[in-house]
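Enquirer: Enclosed is the structure file final-v2.pdb (PDB, C-alpha atoms).
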ATOM      1  CA  MET A 196      25.594  25.990  -5.146
ATOM      2  CA  LYS A 197      24.287  24.967  -8.528
ATOM      3  CA  LEU A 198      21.518  26.992 -10.067
ATOM      4  CA  MET A 199      19.760  24.391 -12.208
ATOM      5  CA  ILE A 200      18.676  20.814 -11.662
ATOM      6  CA  THR A 201      17.822  18.064 -14.146
ATOM      7  CA  CYS A 202      14.336  16.599 -14.600
ATOM      8  CA  GLU A 203      15.428  13.464 -12.745
ATOM      9  CA  GLU A 204      16.669  15.532  -9.807
ATOM     10  CA  ALA A 205      13.449  17.531  -9.860
ATOM     11  CA  SER A 206      11.276  14.409  -9.744
ATOM     12  CA  THR A 207      13.396  13.055  -6.871
ATOM     13  CA  LEU A 208      12.735  16.270  -4.963
ATOM     14  CA  LEU A 209       9.016  16.121  -5.809
ATOM     15  CA  SER A 210       8.784  12.726  -4.161
ATOM     16  CA  GLU A 211      11.014  13.741  -1.225
ATOM     17  CA  LYS A 212       8.803  16.781  -0.603
ATOM     18  CA  MET A 213       5.828  14.482   0.023
ATOM     19  CA  ASP A 214       7.636  12.815   2.943
ATOM     20  CA  VAL A 215      10.011  15.318   4.520
ATOM     21  CA  SER A 216      10.458  19.048   4.699
ATOM     22  CA  LEU A 217      12.885  20.249   2.017
ATOM     23  CA  SER A 218      15.705  22.679   2.796
ATOM     24  CA  PRO A 219      15.129  26.249   1.519
ATOM     25  CA  ALA A 220      17.838  25.706  -1.128
ATOM     26  CA  LYS A 221      16.195  22.533  -2.462
ATOM     27  CA  ARG A 222      12.773  24.215  -2.413
ATOM     28  CA  LEU A 223      14.103  27.081  -4.505
ATOM     29  CA  LEU A 224      15.801  24.773  -7.008
ATOM     30  CA  LEU A 225      12.619  22.759  -7.422
ATOM     31  CA  LYS A 226      10.395  25.808  -7.747
ATOM     32  CA  THR A 227      12.667  27.351 -10.373
ATOM     33  CA  HIS A 228      12.766  24.106 -12.348
ATOM     34  CA  LEU A 229       8.989  23.726 -12.267
ATOM     35  CA  ILE A 230       8.427  27.253 -13.553
ATOM     36  CA  MET A 231      10.420  26.351 -16.654
ATOM     37  CA  CYS A 232       9.543  22.681 -17.150
ATOM     38  CA  LYS A 233       6.078  21.642 -18.291
ATOM     39  CA  LYS A 234       7.003  17.960 -18.165
ATOM     40  CA  CYS A 235       7.967  18.036 -14.495
ATOM     41  CA  THR A 236       4.885  20.081 -13.641
ATOM     42  CA  ALA A 237       2.877  17.218 -15.158
ATOM     43  CA  VAL A 238       4.857  14.700 -13.116
ATOM     44  CA  LYS A 239       4.135  16.745  -9.996
ATOM     45  CA  ASP A 240       0.379  16.814 -10.686
ATOM     46  CA  GLN A 241       0.317  13.077 -11.341
ATOM     47  CA  MET A 242       2.297  12.268  -8.195
ATOM     48  CA  ILE A 243      -0.073  14.344  -6.062
ATOM     49  CA  VAL A 244      -3.182  12.769  -7.578
ATOM     50  CA  LEU A 245      -1.834   9.243  -7.259
ATOM     51  CA  ARG A 246      -0.924   9.828  -3.614
ATOM     52  CA  LYS A 247      -4.541  10.850  -2.940
ATOM     53  CA  VAL A 248      -5.791   7.841  -4.881
ATOM     54  CA  PHE A 249      -3.679   5.383  -2.922
ATOM     55  CA  LEU A 250      -4.658   7.003   0.379
ATOM     56  CA  GLY A 251      -8.301   6.285  -0.491
ATOM     57  CA  LEU A 252      -7.818   2.878  -2.080
ATOM     58  CA  GLU A 253      -8.490   0.618   0.889
ATOM     59  CA  ASP A 254     -11.661   2.464   1.897
ATOM     60  CA  ALA A 255     -12.938   2.527  -1.675
ATOM     61  CA  THR A 256     -12.385  -1.197  -2.205
ATOM     62  CA  SER A 257     -15.679  -3.005  -1.790
ATOM     63  CA  LYS A 258     -15.875  -6.119   0.324
ATOM     64  CA  ASP A 259     -16.666  -8.256  -2.691
ATOM     65  CA  GLU A 260     -13.523  -7.295  -4.573
ATOM     66  CA  ILE A 261     -11.071  -9.192  -2.374
ATOM     67  CA  LYS A 262     -12.379 -12.150  -0.386
ATOM     68  CA  MET A 263     -10.527 -14.922   1.349
ATOM     69  CA  PRO A 264     -11.276 -18.270  -0.355
ATOM     70  CA  ASP A 265     -13.693 -20.517   1.587
ATOM     71  CA  SER A 266     -11.078 -23.274   1.488
ATOM     72  CA  SER A 267      -8.716 -21.032   3.501
ATOM     73  CA  ILE A 268     -11.380 -20.150   6.041
ATOM     74  CA  ASN A 269     -12.038 -23.872   6.566
ATOM     75  CA  ARG A 270      -8.308 -24.608   6.763
ATOM     76  CA  ILE A 271      -7.806 -21.937   9.440
ATOM     77  CA  LYS A 272     -10.714 -23.271  11.512
ATOM     78  CA  LYS A 273      -9.269 -26.777  11.254
ATOM     79  CA  GLU A 274      -5.828 -25.509  12.344
ATOM     80  CA  LEU A 275      -7.400 -23.719  15.301
ATOM     81  CA  ARG A 276      -9.135 -26.910  16.444
ATOM     82  CA  GLU A 277      -5.828 -28.752  16.308
ATOM     83  CA  GLN A 278      -3.981 -26.242  18.503
TER      84      GLN A 278
ATOM     85  CA  MET B 239     -34.425 -12.189  26.980
ATOM     86  CA  ASP B 240     -32.633 -13.968  24.177
ATOM     87  CA  ASP B 241     -29.968 -11.277  24.198
ATOM     88  CA  ILE B 242     -29.466 -11.677  27.925
ATOM     89  CA  ASN B 243     -29.091 -15.431  27.547
ATOM     90  CA  LYS B 244     -26.769 -14.976  24.621
ATOM     91  CA  SER B 245     -24.466 -12.546  26.368
ATOM     92  CA  SER B 246     -24.409 -14.588  29.548
ATOM     93  CA  THR B 247     -23.369 -17.760  27.725
ATOM     94  CA  PRO B 248     -19.588 -17.839  27.873
ATOM     95  CA  GLU B 249     -17.951 -18.891  24.633
ATOM     96  CA  SER B 250     -14.793 -20.940  24.675
ATOM     97  CA  PRO B 251     -11.731 -19.207  23.176
ATOM     98  CA  LEU B 252     -11.866 -21.648  20.257
ATOM     99  CA  GLU B 253     -15.546 -20.924  19.580
ATOM    100  CA  GLU B 254     -15.050 -17.189  19.804
ATOM    101  CA  ILE B 255     -12.013 -17.123  17.536
ATOM    102  CA  SER B 256     -13.648 -19.475  15.036
ATOM    103  CA  ASN B 257     -16.501 -16.968  14.849
ATOM    104  CA  TRP B 258     -13.976 -14.187  14.279
ATOM    105  CA  VAL B 259     -12.561 -16.149  11.325
ATOM    106  CA  GLU B 260     -16.013 -15.896   9.714
ATOM    107  CA  GLU B 261     -16.560 -12.265  10.731
ATOM    108  CA  HIS B 262     -13.148 -10.753  10.124
ATOM    109  CA  GLY B 263     -11.298 -13.225   7.885
ATOM    110  CA  ASP B 264     -12.030 -11.308   4.666
ATOM    111  CA  LEU B 265     -10.997  -7.981   6.167
ATOM    112  CA  LEU B 266      -7.701  -9.406   7.446
ATOM    113  CA  TYR B 267      -7.071 -11.080   4.113
ATOM    114  CA  ARG B 268      -7.650  -7.767   2.280
ATOM    115  CA  PHE B 269      -5.297  -6.026   4.720
ATOM    116  CA  ALA B 270      -2.586  -8.629   4.104
ATOM    117  CA  ARG B 271      -3.156  -8.767   0.363
ATOM    118  CA  TYR B 272      -2.338  -5.061   0.022
ATOM    119  CA  ARG B 273       0.900  -5.592   1.880
ATOM    120  CA  VAL B 274       2.398  -8.775   0.446
ATOM    121  CA  ASN B 275       2.699  -9.901  -3.143
ATOM    122  CA  SER B 276       1.154 -13.367  -3.057
ATOM    123  CA  HIS B 277      -2.284 -14.541  -2.046
ATOM    124  CA  GLU B 278      -0.828 -17.717  -0.522
ATOM    125  CA  LEU B 279       1.387 -15.668   1.785
ATOM    126  CA  ALA B 280      -1.561 -13.408   2.659
ATOM    127  CA  GLU B 281      -3.627 -16.479   3.606
ATOM    128  CA  ASP B 282      -0.755 -17.880   5.696
ATOM    129  CA  LEU B 283      -0.322 -14.584   7.551
ATOM    130  CA  VAL B 284      -4.030 -14.482   8.346
ATOM    131  CA  GLN B 285      -3.853 -18.049   9.637
ATOM    132  CA  ILE B 286      -0.833 -17.225  11.834
ATOM    133  CA  THR B 287      -2.762 -14.210  13.146
ATOM    134  CA  PHE B 288      -5.740 -16.294  14.277
ATOM    135  CA  ILE B 289      -3.490 -18.916  15.861
ATOM    136  CA  SER B 290      -1.644 -16.157  17.752
ATOM    137  CA  ALA B 291      -4.974 -14.722  18.823
ATOM    138  CA  LEU B 292      -6.007 -18.109  20.206
ATOM    139  CA  LYS B 293      -2.727 -18.450  22.113
ATOM    140  CA  ASP B 294      -2.918 -14.877  23.449
ATOM    141  CA  TRP B 295      -6.665 -14.908  24.023
ATOM    142  CA  GLN B 296      -6.247 -14.271  27.770
ATOM    143  CA  ARG B 297      -4.351 -11.079  26.984
ATOM    144  CA  PHE B 298      -7.200  -9.607  24.934
ATOM    145  CA  ARG B 299      -8.562  -6.982  27.340
ATOM    146  CA  ARG B 300     -11.638  -6.085  25.264
ATOM    147  CA  GLU B 301     -10.753  -2.418  25.522
ATOM    148  CA  SER B 302     -10.550  -2.444  21.734
ATOM    149  CA  SER B 303     -12.740  -4.359  19.282
ATOM    150  CA  PRO B 304     -11.685  -7.865  18.176
ATOM    151  CA  LYS B 305     -11.199  -6.428  14.673
ATOM    152  CA  THR B 306      -8.715  -3.785  15.900
ATOM    153  CA  TRP B 307      -6.871  -6.366  17.989
ATOM    154  CA  LEU B 308      -6.624  -8.830  15.095
ATOM    155  CA  VAL B 309      -5.437  -6.144  12.645
ATOM    156  CA  SER B 310      -2.719  -5.090  15.067
ATOM    157  CA  ILE B 311      -1.524  -8.713  15.421
ATOM    158  CA  LEU B 312      -1.533  -9.117  11.639
ATOM    159  CA  ARG B 313       0.351  -5.844  11.130
ATOM    160  CA  HIS B 314       3.124  -7.095  13.418
ATOM    161  CA  LYS B 315       3.214 -10.470  11.652
ATOM    162  CA  ILE B 316       3.681  -8.681   8.314
ATOM    163  CA  ILE B 317       6.523  -6.550   9.712
ATOM    164  CA  ASP B 318       8.132  -9.722  11.156
ATOM    165  CA  HIS B 319       7.853 -11.340   7.743
ATOM    166  CA  TYR B 320       9.714  -8.459   6.113
ATOM    167  CA  ARG B 321      12.349  -8.275   8.842
ATOM    168  CA  ARG B 322      13.305 -11.863   8.072
ATOM    169  CA  LYS B 323      13.943 -10.985   4.430
ATOM    170  CA  LYS B 324      17.130  -9.470   3.061
ATOM    171  CA  PRO B 325      17.328  -5.659   3.101
ATOM    172  CA  ALA B 326      15.724  -3.845   0.201
ATOM    173  CA  SER B 327      17.935  -2.967  -2.725
ATOM    174  CA  LEU B 328      17.412  -1.204  -6.017
ATOM    175  CA  GLU B 329      18.575  -4.472  -7.564
ATOM    176  CA  ASP B 330      15.140  -5.813  -6.627
ATOM    177  CA  PHE B 331      13.900  -3.805  -9.611
ATOM    178  CA  PRO B 332      14.692  -4.979 -13.112
ATOM    179  CA  ASP B 333      17.489  -2.618 -14.349
ATOM    180  CA  GLY B 334      17.800  -1.195 -10.843
ATOM    181  CA  GLY B 335      14.683   0.842 -11.657
ATOM    182  CA  GLU B 336      16.405   2.810 -14.393
ATOM    183  CA  ALA B 337      13.949   1.830 -17.109
ATOM    184  CA  VAL B 338      11.029   2.983 -15.007
ATOM    185  CA  THR B 339      12.760   6.223 -14.114
ATOM    186  CA  GLN B 340      13.476   7.101 -17.712
ATOM    187  CA  SER B 341      10.002   6.149 -18.844
ATOM    188  CA  ALA B 342       8.275   8.002 -16.033
ATOM    189  CA  ILE B 343      10.273  11.195 -16.294
ATOM    190  CA  ALA B 344      11.110  11.591 -19.919
ATOM    191  CA  SER B 345       7.996  10.606 -21.805
ATOM    192  CA  GLU B 346       6.284  13.355 -23.735
ATOM    193  CA  GLU B 347       3.114  11.269 -23.546
ATOM    194  CA  MET B 348       3.037  11.951 -19.844
ATOM    195  CA  VAL B 349       2.440  15.604 -20.459
ATOM    196  CA  GLN B 350      -0.332  14.819 -22.887
ATOM    197  CA  ASP B 351      -1.877  12.362 -20.422
ATOM    198  CA  THR B 352      -2.203  15.080 -17.839
ATOM    199  CA  GLU B 353      -3.536  17.593 -20.311
ATOM    200  CA  SER B 354      -6.059  15.357 -22.003
ATOM    201  CA  ILE B 355      -7.317  13.520 -18.941
ATOM    202  CA  ARG B 356      -7.953  15.586 -15.874
ATOM    203  CA  LEU B 357      -7.080  13.175 -13.120
ATOM    204  CA  ASN B 358      -9.487  13.247 -10.211
ATOM    205  CA  PRO B 359      -8.884  10.958  -7.231
ATOM    206  CA  GLU B 360     -12.592  10.456  -6.467
ATOM    207  CA  GLU B 361     -13.383   9.553 -10.071
ATOM    208  CA  ILE B 362     -10.480   7.127 -10.282
ATOM    209  CA  LEU B 363     -11.571   5.365  -7.086
ATOM    210  CA  GLU B 364     -15.165   5.024  -8.339
ATOM    211  CA  HIS B 365     -14.053   2.691 -11.143
ATOM    212  CA  GLN B 366     -13.720  -0.908 -10.052
ATOM    213  CA  GLU B 367     -11.449  -1.613 -13.064
ATOM    214  CA  LEU B 368      -9.105   1.179 -12.036
ATOM    215  CA  ARG B 369      -8.995  -0.022  -8.437
ATOM    216  CA  HIS B 370      -8.095  -3.437  -9.786
ATOM    217  CA  THR B 371      -5.379  -1.850 -11.951
ATOM    218  CA  LEU B 372      -3.967  -0.004  -8.937
ATOM    219  CA  ARG B 373      -3.688  -3.278  -7.046
ATOM    220  CA  GLU B 374      -2.083  -4.974 -10.048
ATOM    221  CA  CYS B 375       0.465  -2.148 -10.236
ATOM    222  CA  LEU B 376       1.147  -2.456  -6.489
ATOM    223  CA  ASP B 377       1.982  -6.132  -7.013
ATOM    224  CA  LEU B 378       4.718  -5.103  -9.463
ATOM    225  CA  LEU B 379       6.674  -3.472  -6.644
ATOM    226  CA  PRO B 380       9.423  -5.588  -5.083
ATOM    227  CA  GLU B 381       8.038  -6.659  -1.689
ATOM    228  CA  ARG B 382      10.216  -4.465   0.553
ATOM    229  CA  PHE B 383       9.379  -1.424  -1.552
ATOM    230  CA  LYS B 384       5.724  -2.356  -1.408
ATOM    231  CA  GLN B 385       5.810  -2.517   2.366
ATOM    232  CA  VAL B 386       7.382   0.957   2.652
ATOM    233  CA  PHE B 387       4.999   2.408   0.067
ATOM    234  CA  VAL B 388       1.911   0.905   1.723
ATOM    235  CA  MET B 389       2.884   2.197   5.161
ATOM    236  CA  ARG B 390       3.430   5.690   3.795
ATOM    237  CA  ASP B 391       0.932   6.191   0.954
ATOM    238  CA  ILE B 392      -1.870   3.814   1.955
ATOM    239  CA  GLU B 393      -1.704   3.818   5.761
ATOM    240  CA  ASN B 394      -0.443   7.435   5.856
ATOM    241  CA  ASP B 395       2.057   6.571   8.578
ATOM    242  CA  SER B 396       4.707   9.227   9.259
ATOM    243  CA  THR B 397       8.163   9.073   7.701
ATOM    244  CA  GLU B 398       9.745   9.074  11.196
ATOM    245  CA  ASN B 399       7.635   6.110  12.364
ATOM    246  CA  ILE B 400       8.282   4.059   9.253
ATOM    247  CA  CYS B 401      12.040   4.637   9.360
ATOM    248  CA  ARG B 402      12.112   3.744  13.058
ATOM    249  CA  GLU B 403       9.923   0.657  12.702
ATOM    250  CA  LEU B 404      11.785  -0.683   9.656
ATOM    251  CA  ASN B 405      15.225   0.511  10.715
ATOM    252  CA  LEU B 406      15.718   2.620   7.572
ATOM    253  CA  SER B 407      17.672   5.829   7.088
ATOM    254  CA  VAL B 408      15.582   8.730   5.786
ATOM    255  CA  SER B 409      17.675   8.832   2.612
ATOM    256  CA  ASN B 410      17.108   5.111   1.928
ATOM    257  CA  PHE B 411      13.426   5.598   2.648
ATOM    258  CA  SER B 412      13.281   8.538   0.190
ATOM    259  CA  VAL B 413      14.943   6.526  -2.568
ATOM    260  CA  MET B 414      12.532   3.626  -2.031
ATOM    261  CA  MET B 415       9.495   5.909  -2.086
ATOM    262  CA  TYR B 416      10.745   7.669  -5.200
ATOM    263  CA  ARG B 417      11.271   4.414  -7.113
ATOM    264  CA  ALA B 418       7.953   3.020  -5.932
ATOM    265  CA  ARG B 419       6.019   6.153  -6.879
ATOM    266  CA  LEU B 420       7.586   6.318 -10.338
ATOM    267  CA  LEU B 421       6.875   2.661 -11.041
ATOM    268  CA  LEU B 422       3.265   2.982  -9.874
ATOM    269  CA  LYS B 423       2.678   6.163 -11.832
ATOM    270  CA  ASP B 424       4.143   4.680 -14.979
ATOM    271  CA  CYS B 425       2.172   1.452 -14.568
ATOM    272  CA  PHE B 426      -1.088   3.234 -13.806
ATOM    273  CA  LEU B 427      -0.805   5.652 -16.711
ATOM    274  CA  LYS B 428      -0.136   2.782 -19.099
ATOM    275  CA  LYS B 429      -2.645   0.247 -17.809
ATOM    276  CA  GLY B 430      -5.265   2.411 -16.140
ATOM    277  CA  PHE B 431      -5.997   4.736 -18.975
ATOM    278  CA  SER B 432      -5.951   2.037 -21.595
ATOM    279  CA  SER B 433      -8.616   0.213 -19.580
ATOM    280  CA  LEU B 434     -10.617   3.454 -19.305
ATOM    281  CA  SER B 435     -10.435   4.196 -23.026
ATOM    282  CA  GLN B 436     -11.407   0.599 -23.842
ATOM    283  CA  ASN B 437     -14.496   0.997 -21.675
ATOM    284  CA  LYS B 438     -15.464   4.202 -23.427
ATOM    285  CA  LYS B 439     -15.350   2.591 -26.871
TER     286      LYS B 439
END
Would you write the structure of this file as C-alpha cells?

Expert:
Amino acid sequence: MKLMITCEEASTLLSEKMDVSLSPAKRLLLKTHLIMCKKCTAVKDQMIVLRKVFLGLEDATSKDEIKMPDSSINRIKKELREQ
Amino acid sequence: MDDINKSSTPESPLEEISNWVEEHGDLLYRFARYRVNSHELAEDLVQITFISALKDWQRFRRESSPKTWLVSILRHKIIDHYRRKKPASLEDFPDGGEAVTQSAIASEEMVQDTESIRLNPEEILEHQELRHTLRECLDLLPERFKQVFVMRDIENDSTENICRELNLSVSNFSVMMYRARLLLKDCFLKKGFSSLSQNKK
C-alpha cells in the first residue's frame, strides 16, 4: 500500500467522500495528505461550501429570477386546445 | 356561497390544465432550466409535461397536489430526454476536463481565495448576482454531467438512487461528480468573486 497520494488523488477522494463511504485505507491517506497540504485543505473547504450553496440554490432563487416567457405560456395553451 | 358554487362547478380537463399552465408554468420552467442547458429545451419539456398531464388527467388521483404531480411528470420527461442521448464521456469536456482539473487543484490563488474571503453559503445565496453566476456555471457543464450533478448536489438524491435510475456504475458516477464539482468550483471562484469585488468598488 502506498503511503502518500498526490493533490489530484486527494481532491478525487474529497469529492468521492461526499457521495460514498471511503474505505479506512483511503480515509487515512486523505487525512494524512490534508494534514500536510494547505492547498488541498482549501479545496476541501471550498467543495464543502459549494455543496451547501448548490443544495440551497433552488429555494433561494426568487420567482422573478427565472420566468417562462409569456409567448411559451400562450403556445402551450394553444397546443393543449389542439389535443 | 361563492366558494360552494365555485367548488361544485366541474372544470373540464382542458380548463383545469390551462389554469395550471398559469399557476405552475414558471415553477416547472425553473425546474427544467436547472436541469437542461437550453431555455428552448426547457420550454419544450414543460409543454410535453402539460400535454401528458392532459392525456393522463383521469389518472390524477388528487392524493398529491397538482404541482407535485406535474413536477414528477416533468422529472421523468427530463430523465427520458437524457436516456435518449449518448452516454456521458469525459470527452464532453474540452480537454477531457484536464484543464479544469489542473486549474482547480494547482492554483495558488485558490488558497488565497479561501483565506481572504470566508465563504459562507447563506451569504453567497443572498446575492442575486452570485445566484446568477452559479446558474451560468451550471450551464457550462456538459448536459449528462449536469443531470448527475443536479440530482446529487441540488436535489440531494442518494448516490444509490441516481446510479440505479441512470444506470451508472458508482465509479463512473464518482468521476462525473468530481469533474463537475471541479469545473463549478473553478468557474465560481473566477466569475463569482470578480462580480463581488466589482460590486464593492

Enquirer: Show me which bits of chain B are within 8 Å of chain A, counting only C-alpha atoms, as a CSV table (one decimal) with C-alpha atoms, in the frame of the given file.

Expert:
chain,number,residue,atom,x,y,z
B,252,LEU,CA,-11.9,-21.6,20.3
B,256,SER,CA,-13.6,-19.5,15.0
B,259,VAL,CA,-12.6,-16.1,11.3
B,260,GLU,CA,-16.0,-15.9,9.7
B,263,GLY,CA,-11.3,-13.2,7.9
B,264,ASP,CA,-12.0,-11.3,4.7
B,265,LEU,CA,-11.0,-8.0,6.2
B,267,TYR,CA,-7.1,-11.1,4.1
B,268,ARG,CA,-7.6,-7.8,2.3
B,281,GLU,CA,-3.6,-16.5,3.6
B,285,GLN,CA,-3.9,-18.0,9.6
B,288,PHE,CA,-5.7,-16.3,14.3
B,289,ILE,CA,-3.5,-18.9,15.9
B,292,LEU,CA,-6.0,-18.1,20.2
B,339,THR,CA,12.8,6.2,-14.1
B,343,ILE,CA,10.3,11.2,-16.3
B,344,ALA,CA,11.1,11.6,-19.9
B,346,GLU,CA,6.3,13.4,-23.7
B,348,MET,CA,3.0,12.0,-19.8
B,349,VAL,CA,2.4,15.6,-20.5
B,352,THR,CA,-2.2,15.1,-17.8
B,357,LEU,CA,-7.1,13.2,-13.1
B,358,ASN,CA,-9.5,13.2,-10.2
B,359,PRO,CA,-8.9,11.0,-7.2
B,360,GLU,CA,-12.6,10.5,-6.5
B,362,ILE,CA,-10.5,7.1,-10.3
B,363,LEU,CA,-11.6,5.4,-7.1
B,364,GLU,CA,-15.2,5.0,-8.3
B,366,GLN,CA,-13.7,-0.9,-10.1
B,369,ARG,CA,-9.0,0.0,-8.4
B,391,ASP,CA,0.9,6.2,1.0
B,392,ILE,CA,-1.9,3.8,2.0
B,393,GLU,CA,-1.7,3.8,5.8
B,394,ASN,CA,-0.4,7.4,5.9
B,396,SER,CA,4.7,9.2,9.3
B,397,THR,CA,8.2,9.1,7.7
B,412,SER,CA,13.3,8.5,0.2
B,413,VAL,CA,14.9,6.5,-2.6
B,415,MET,CA,9.5,5.9,-2.1
B,416,TYR,CA,10.7,7.7,-5.2
B,419,ARG,CA,6.0,6.2,-6.9
B,423,LYS,CA,2.7,6.2,-11.8

Enquirer: Rounded to one decimal place, report the atom CA of B:Lys429-atom CA of B:His370 distance in Å.

Expert: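 Those two atoms sit 10.4 Å apart.
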
Enquirer: Please expand the PyMOL selection byres ((chain A and resi 223-226) around 7) into the concrete residues it hits in this file, giving the result as an NGL selection string.

Expert: :A and (198-200 or 205 or 208 or 219-222 or 227-230)

Enquirer: Within 8 Å of B:Lys384, counting only C-alpha atoms, which residues qualify if same-chain residues fewer than 6 places away don't, as number ranges by chain?

Expert: B: 273-274, 376-377, 418

Enquirer: What's the separation between atom CA of B:Ile316 and atom CA of B:Leu378, in Å to one decimal place?

Expert: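 Rounded to one decimal, the two atoms are 18.2 Å apart.
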
Enquirer: Go through B:Cys401, B:Met389, B:Leu422, B:Leu379 and flag the residue nearest B:Asn275, using all atoms listed in the file for the distances.

Expert: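 Among the listed residues, B:Leu379 lies closest to B:Asn275.
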
Enquirer: Restricting the calculation to all atoms listed in the file, which member of B:Phe426, B:Lys323, B:Ala270, B:Glu367 is positioned closest to B:Pro380?

Expert: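 Ranked by minimum distance to B:Pro380, first place goes to B:Lys323.
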
Enquirer: Report, in Å with one decimal, the straight-line distance from atom CA of A:Ser216 to atom CA of B:Val408.

Expert: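 The value is 11.6 Å.
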